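Visitor: There's a structure below that I have some questions on.
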Amino acid sequence: MSDTQGGAPRRPRPKEAGERRWPMAAAVLTGAVLQLILPHGNRIAPPWIFPSVEVIFLIVLIIGDPGRIDRTSPRLRRLTIALIAVMTVANGAAAGVLVRDILTSSPSDTATILLGRGAAIWVTNIIVFSLWFWQLDRGGPAERAAGAGIRPSFAFPENATPELAPAGWIPQYPDYLYLAFTNATAFSPTDTLPVATWAKMTMMLESAVSLAVAILVVARAINILPQ
């Protein structure tokens, strides 16, 4: 196909503007705060370790790609994955300690404390999985902004009804946060469908963790409420 049309050179398709960093950064900071305020006696490490590492990673990411996320860098991608992995380990450890305390009927937790711990872990779980969806789908936010053409792992409603979406629409972090939230509350896909195997397995894992935490925490809290 010719690169000219009517004698004039055809302009290349412009790159999509990268998404803003602050929604993702706000989610990471929220997760760090929730980890920090968990009761200190229910941890496998000092309360400041995981949140501190997460904040440091986030600062390095912002310095490496300030403003909009549009720099396709393998180093920044690995750093983002490391950040999400640290959050995953921290929340997984907190959930494990919570399950252990519930199964051993730890006397230190009142119903209020137990519900608070469960809610913090449940919310952080949503944040963690939303970040995994956001980073792994279509190669990550920078690749999506660059129009890399990587096959999508999720079918969003905007893909099925492009006439209702803005021109050049691509998913951004709030779309993945909504996906993770609805998956954690409905325990199944709602309006966004996974079309890649890794996406299906990850959504299944998120639903399983959310369901287990909800059932165990609520059952134990009801059991220890004053009669």
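In the structure tokens, the first chain shown is A, the next is B, and so on; residue numbers restart at 1 for each chain, and ligands run from 1 in the order shown.
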Can you tell me, as a PyMOL selection string, what residues are no more than 10 Å from Arg20 of chain A when counting only C-alpha atoms, ignoring any on the same chain fewer than 3 positions away?
Guide: chain A and resi 17+23-25+66-70+141+172-173
Visitor: Name the residues in contact with Leu98 of chain A at a cut-off of 9 Å, using only C-alpha atoms, excluding same-chain residues fewer than 5 positions from it; report them as a PyMOL selection string.
Guide: chain A and resi 42+93+103+114+117-118+213+217
Visitor: Tell me, as a ChimeraX atom specification, which residues lie within 9 Å of Leu58 of chain A, counting only C-alpha atoms; anything in the same chain fewer than 3 positions away does not count.
Guide: /A:25,28-29,53-55,61-63,79-80,83
Visitor: Convert the current residue selection to file output with C-alpha atoms, as an mmCIF file, in the first residue's frame.
Guide:
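result_5.cif, freshly written:
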data_model
loop_
_atom_site.group_PDB
_atom_site.id
_atom_site.type_symbol
_atom_site.label_atom_id
_atom_site.label_comp_id
_atom_site.auth_asym_id
_atom_site.auth_seq_id
_atom_site.Cartn_x
_atom_site.Cartn_y
_atom_site.Cartn_z
ATOM 1 C CA ALA A 25 -0.531 5.892 42.819
ATOM 2 C CA VAL A 28 -0.938 1.901 46.009
ATOM 3 C CA LEU A 29 -0.862 4.463 48.827
ATOM 4 C CA VAL A 53 9.133 -0.744 50.215
ATOM 5 C CA GLU A 54 5.935 -0.085 48.268
ATOM 6 C CA VAL A 55 6.206 3.691 48.668
ATOM 7 C CA LEU A 61 8.336 4.791 39.172
ATOM 8 C CA ILE A 62 7.114 8.382 39.291
ATOM 9 C CA ILE A 63 10.661 9.695 38.848
ATOM 10 C CA LEU A 79 9.799 -2.409 38.824
ATOM 11 C CA THR A 80 6.012 -2.110 38.578
ATOM 12 C CA LEU A 83 5.816 -3.351 43.459
#
Visitor: Tell me which of A:Leu136, A:Ile127, A:Leu211, A:Met87 sits closest to Pro174 of chain A, counting only C-alpha atoms.
Guide: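 Counting only C-alpha atoms, the residue closest to Pro174 of chain A is A:Ile127.
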Visitor: Might you pull out every residue within 12 Å of segment 154-170 of chain A, with only C-alpha atoms counted and same-chain residues fewer than 6 positions away left off, and present them as number ranges by chain?
Guide: A: 13-19, 133-134, 136-138, 140-148, 176, 178-180, 189-200, 202-203
Visitor: Smallest atom-to-atom distance to Gly31 of chain A: which of A:Ser105, A:Thr124, A:Ser153, A:Asn183, using only C-alpha atoms?
Guide: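 Looking at the shortest contact to Gly31 of chain A, the residue is A:Thr124.
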Visitor: State, in Å with one decimal place, the distance from atom CA of Gly149 of chain A to atom CA of Ser130 of chain A.
Guide: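 Spanning atom CA of Gly149 of chain A to atom CA of Ser130 of chain A is a straight-line distance of 21.5 Å.
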Visitor: Taking the DSSP assignment computed from this structure's backbone, write out as a count of residues only all residues of segment 12-207 of chain A that belong to alpha helix (DSSP H).
Guide: 122
Visitor: Provide the atom CA of Ala94 of chain A to atom CA of Asp175 of chain A distance in Å, to one decimal place.
Guide: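 Atom CA of Ala94 of chain A sits 26.4 Å away from atom CA of Asp175 of chain A.
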Visitor: Go ahead and compute the interatomic distance for atom CA of Leu131 of chain A and atom CA of Leu115 of chain A, in Å to one decimal.
Guide: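 Rounded to one decimal, the two atoms are 24.4 Å apart.
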